[in-house]
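Q: Please read through the structure below; I'll follow up with questions.
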Amino acid sequence: MRIIGGKHGGIRLTPPAKLPVRPTTDIAKEALFNILQNKIDIAEANCLDLFTGTGNITFELASRGANAIDSVDIHFKCLQYINETAKALKADDIIKTKKADVLKFIASCKKQYDFIFADPPYDMGELPTLANLIINQGLLRQNGLLVVEHPSLRKMEESSLHSETRKYGQSSFSFYQNTSA
């Protein structure tokens, strides 16, 4: 696992082996960020990384100039690794971690974000409704972009903000754009 682009591009990430995660592959992450560069200006964006796990996406966002990143996960060891790595990268001023059940975080969050990435456990029962939970709670700022990573064989609930789904083997990215006024 490595940071692909930006000021920290090429740096290898070496999280502890026993973390309860399924990181986004480098190939899928590179494809995702190639798509994102045509959809949103990451530089100066306020971002939310839900089910952050190893912080793989968080570190990529920080490397590419995101203004602020809130990284949420329920596992303390994941957040500990992210905090240590953020400090080593001198990005601890923009990366803020929060230990929380993500569904409870969504329900109570009052902030809005320009970019939200969610990579929930593939067997999570609420996964098909996750995008609508985030959207209905008002977490996505006007012109904001939400990406949900999910198993390619698992259908997401319909949403008026859904713009496209891209498949990368067993994983897919569904994109939701808040273009409402």
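Quick note on naming: the chains in the structure tokens go A, B, ... in the order shown, residues restart at 1 in each chain, and ligands are numbered from 1 in order of appearance.
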Name all residues at most 9 Å from Ile106 of chain A (count only C-alpha atoms; drop same-chain ones fewer than 5 positions away) and give them as a count of residues only.

A: 5

Q: Which of segment 4-131 of chain A end up as helix (DSSP H, G or I) when DSSP is run on this backbone - answer as a PyMOL selection string?

A: chain A and resi 26-36+56-63+76-88+102-108+127-131

Q: May I have all residues of chain A that DSSP, computed from the backbone, assigns to strand (DSSP E), given as a PyMOL selection string?

A: chain A and resi 46-50+68-73+95-99+113-118+140-151+162-168+171-177

Q: Hey, what's within 8 Å of Pro151 of chain A if we count only C-alpha atoms and toss same-chain stuff fewer than 6 positions away? As number ranges by chain, please?

A: A: 122, 170-172

Q: Would you compute the distance between atom CA of His162 of chain A and atom CA of Ala45 of chain A? Give it in Å to one decimal.

A: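 These two atoms are separated by 20.5 Å.
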
Q: What's the 12 Å shell around Phe76 of chain A, counting only C-alpha atoms, without same-chain residues fewer than 5 positions away, as a list in words?

A: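 Skipping anything fewer than 5 positions along the chain leaves Leu19, Pro20, Phe51, Thr52, Gly53, Thr54, Ser71, Tyr81, Ile82, Asn83, Thr97, Lys98, Lys99, Ala100 and Asp101 of chain A.
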
Q: Save the residues we just selected, all heavy atoms, as an mmCIF file, in the first residue's frame?

A:
data_model
loop_
_atom_site.group_PDB
_atom_site.id
_atom_site.type_symbol
_atom_site.label_atom_id
_atom_site.label_comp_id
_atom_site.auth_asym_id
_atom_site.auth_seq_id
_atom_site.Cartn_x
_atom_site.Cartn_y
_atom_site.Cartn_z
ATOM 1 N N LEU A 19 -4.792 -5.335 11.821
ATOM 2 C CA LEU A 19 -5.919 -4.405 11.808
ATOM 3 C C LEU A 19 -7.110 -5.061 11.111
ATOM 4 O O LEU A 19 -6.945 -5.758 10.103
ATOM 5 C CB LEU A 19 -5.551 -3.108 11.081
ATOM 6 C CG LEU A 19 -4.500 -2.226 11.731
ATOM 7 C CD1 LEU A 19 -4.274 -0.963 10.901
ATOM 8 C CD2 LEU A 19 -4.889 -1.854 13.148
ATOM 9 N N PRO A 20 -8.340 -4.828 11.611
ATOM 10 C CA PRO A 20 -9.536 -5.434 11.020
ATOM 11 C C PRO A 20 -10.021 -4.645 9.796
ATOM 12 O O PRO A 20 -11.048 -3.971 9.821
ATOM 13 C CB PRO A 20 -10.550 -5.362 12.165
ATOM 14 C CG PRO A 20 -10.147 -4.132 12.915
ATOM 15 C CD PRO A 20 -8.642 -4.061 12.822
ATOM 16 N N PHE A 51 -15.326 4.888 7.802
ATOM 17 C CA PHE A 51 -14.753 3.536 7.854
ATOM 18 C C PHE A 51 -13.313 3.633 7.357
ATOM 19 O O PHE A 51 -12.878 2.875 6.498
ATOM 20 C CB PHE A 51 -15.553 2.540 6.998
ATOM 21 C CG PHE A 51 -17.025 2.496 7.292
ATOM 22 C CD1 PHE A 51 -17.930 3.225 6.539
ATOM 23 C CD2 PHE A 51 -17.517 1.704 8.324
ATOM 24 C CE1 PHE A 51 -19.296 3.177 6.794
ATOM 25 C CE2 PHE A 51 -18.888 1.647 8.590
ATOM 26 C CZ PHE A 51 -19.772 2.391 7.818
ATOM 27 N N THR A 52 -12.558 4.557 7.901
ATOM 28 C CA THR A 52 -11.240 4.915 7.380
ATOM 29 C C THR A 52 -10.222 3.791 7.409
ATOM 30 O O THR A 52 -9.315 3.760 6.586
ATOM 31 C CB THR A 52 -10.716 6.178 8.091
ATOM 32 O OG1 THR A 52 -9.568 6.647 7.414
ATOM 33 C CG2 THR A 52 -10.383 5.910 9.551
ATOM 34 N N GLY A 53 -10.347 2.856 8.339
ATOM 35 C CA GLY A 53 -9.429 1.707 8.369
ATOM 36 C C GLY A 53 -7.981 2.146 8.516
ATOM 37 O O GLY A 53 -7.604 2.784 9.495
ATOM 38 N N THR A 54 -7.160 1.853 7.508
ATOM 39 C CA THR A 54 -5.732 2.187 7.553
ATOM 40 C C THR A 54 -5.458 3.656 7.264
ATOM 41 O O THR A 54 -4.325 4.093 7.386
ATOM 42 C CB THR A 54 -4.955 1.353 6.517
ATOM 43 O OG1 THR A 54 -5.454 1.673 5.216
ATOM 44 C CG2 THR A 54 -5.064 -0.132 6.799
ATOM 45 N N SER A 71 -11.397 11.657 9.772
ATOM 46 C CA SER A 71 -11.311 10.219 9.533
ATOM 47 C C SER A 71 -11.997 9.495 10.678
ATOM 48 O O SER A 71 -11.589 9.627 11.835
ATOM 49 C CB SER A 71 -9.848 9.793 9.445
ATOM 50 O OG SER A 71 -9.205 10.472 8.389
ATOM 51 N N TYR A 81 -2.795 4.156 14.371
ATOM 52 C CA TYR A 81 -1.884 4.098 13.226
ATOM 53 C C TYR A 81 -2.003 5.373 12.385
ATOM 54 O O TYR A 81 -0.991 5.952 11.971
ATOM 55 C CB TYR A 81 -2.164 2.858 12.362
ATOM 56 C CG TYR A 81 -1.416 2.897 11.061
ATOM 57 C CD1 TYR A 81 -0.045 2.671 11.022
ATOM 58 C CD2 TYR A 81 -2.065 3.212 9.870
ATOM 59 C CE1 TYR A 81 0.657 2.741 9.837
ATOM 60 C CE2 TYR A 81 -1.372 3.286 8.672
ATOM 61 C CZ TYR A 81 -0.011 3.050 8.659
ATOM 62 O OH TYR A 81 0.682 3.141 7.475
ATOM 63 N N ILE A 82 -3.221 5.827 12.135
ATOM 64 C CA ILE A 82 -3.430 7.039 11.332
ATOM 65 C C ILE A 82 -2.795 8.246 12.018
ATOM 66 O O ILE A 82 -2.102 9.048 11.379
ATOM 67 C CB ILE A 82 -4.934 7.278 11.068
ATOM 68 C CG1 ILE A 82 -5.471 6.186 10.146
ATOM 69 C CG2 ILE A 82 -5.175 8.668 10.475
ATOM 70 C CD1 ILE A 82 -6.979 6.147 10.056
ATOM 71 N N ASN A 83 -3.001 8.384 13.308
ATOM 72 C CA ASN A 83 -2.420 9.516 14.041
ATOM 73 C C ASN A 83 -0.903 9.489 13.997
ATOM 74 O O ASN A 83 -0.262 10.527 13.787
ATOM 75 C CB ASN A 83 -2.928 9.536 15.486
ATOM 76 C CG ASN A 83 -4.374 9.970 15.587
ATOM 77 O OD1 ASN A 83 -4.850 10.763 14.783
ATOM 78 N ND2 ASN A 83 -5.082 9.453 16.576
ATOM 79 N N THR A 97 -8.836 12.459 13.631
ATOM 80 C CA THR A 97 -9.496 11.160 13.750
ATOM 81 C C THR A 97 -10.589 11.211 14.809
ATOM 82 O O THR A 97 -10.516 11.997 15.752
ATOM 83 C CB THR A 97 -8.493 10.052 14.113
ATOM 84 O OG1 THR A 97 -7.857 10.375 15.341
ATOM 85 C CG2 THR A 97 -7.451 9.869 13.024
ATOM 86 N N LYS A 98 -11.587 10.364 14.608
ATOM 87 C CA LYS A 98 -12.680 10.252 15.573
ATOM 88 C C LYS A 98 -13.039 8.779 15.704
ATOM 89 O O LYS A 98 -13.350 8.128 14.712
ATOM 90 C CB LYS A 98 -13.889 11.053 15.115
ATOM 91 C CG LYS A 98 -15.074 10.906 16.051
ATOM 92 C CD LYS A 98 -15.889 12.160 16.104
ATOM 93 C CE LYS A 98 -17.060 12.061 17.040
ATOM 94 N NZ LYS A 98 -16.745 12.117 18.434
ATOM 95 N N LYS A 99 -12.993 8.297 16.949
ATOM 96 C CA LYS A 99 -13.405 6.924 17.229
ATOM 97 C C LYS A 99 -14.913 6.935 17.438
ATOM 98 O O LYS A 99 -15.413 7.536 18.381
ATOM 99 C CB LYS A 99 -12.704 6.370 18.467
ATOM 100 C CG LYS A 99 -13.054 4.918 18.749
ATOM 101 C CD LYS A 99 -12.362 4.421 20.011
ATOM 102 C CE LYS A 99 -12.634 2.965 20.269
ATOM 103 N NZ LYS A 99 -14.033 2.580 20.349
ATOM 104 N N ALA A 100 -15.631 6.283 16.513
ATOM 105 C CA ALA A 100 -17.088 6.273 16.600
ATOM 106 C C ALA A 100 -17.661 5.185 15.710
ATOM 107 O O ALA A 100 -17.058 4.803 14.703
ATOM 108 C CB ALA A 100 -17.652 7.631 16.165
ATOM 109 N N ASP A 101 -18.847 4.732 16.088
ATOM 110 C CA ASP A 101 -19.661 3.908 15.200
ATOM 111 C C ASP A 101 -20.076 4.849 14.068
ATOM 112 O O ASP A 101 -20.667 5.909 14.313
ATOM 113 C CB ASP A 101 -20.882 3.386 15.963
ATOM 114 C CG ASP A 101 -21.852 2.661 15.075
ATOM 115 O OD1 ASP A 101 -22.515 3.332 14.242
ATOM 116 O OD2 ASP A 101 -21.978 1.436 15.222
#

Q: Between A:Asn67, A:Thr165, A:Asn56, A:Thr25, which has the minimum distance to Glu44 of chain A (counting only C-alpha atoms)?

A: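 Closest candidate: A:Asn67.
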
Q: Can you tell me which residues surround Gln112 of chain A at a distance of at most 9 Å, considering only C-alpha atoms, apart from same-chain residues fewer than 5 positions away, and format the answer as a count of residues only?

A: 9
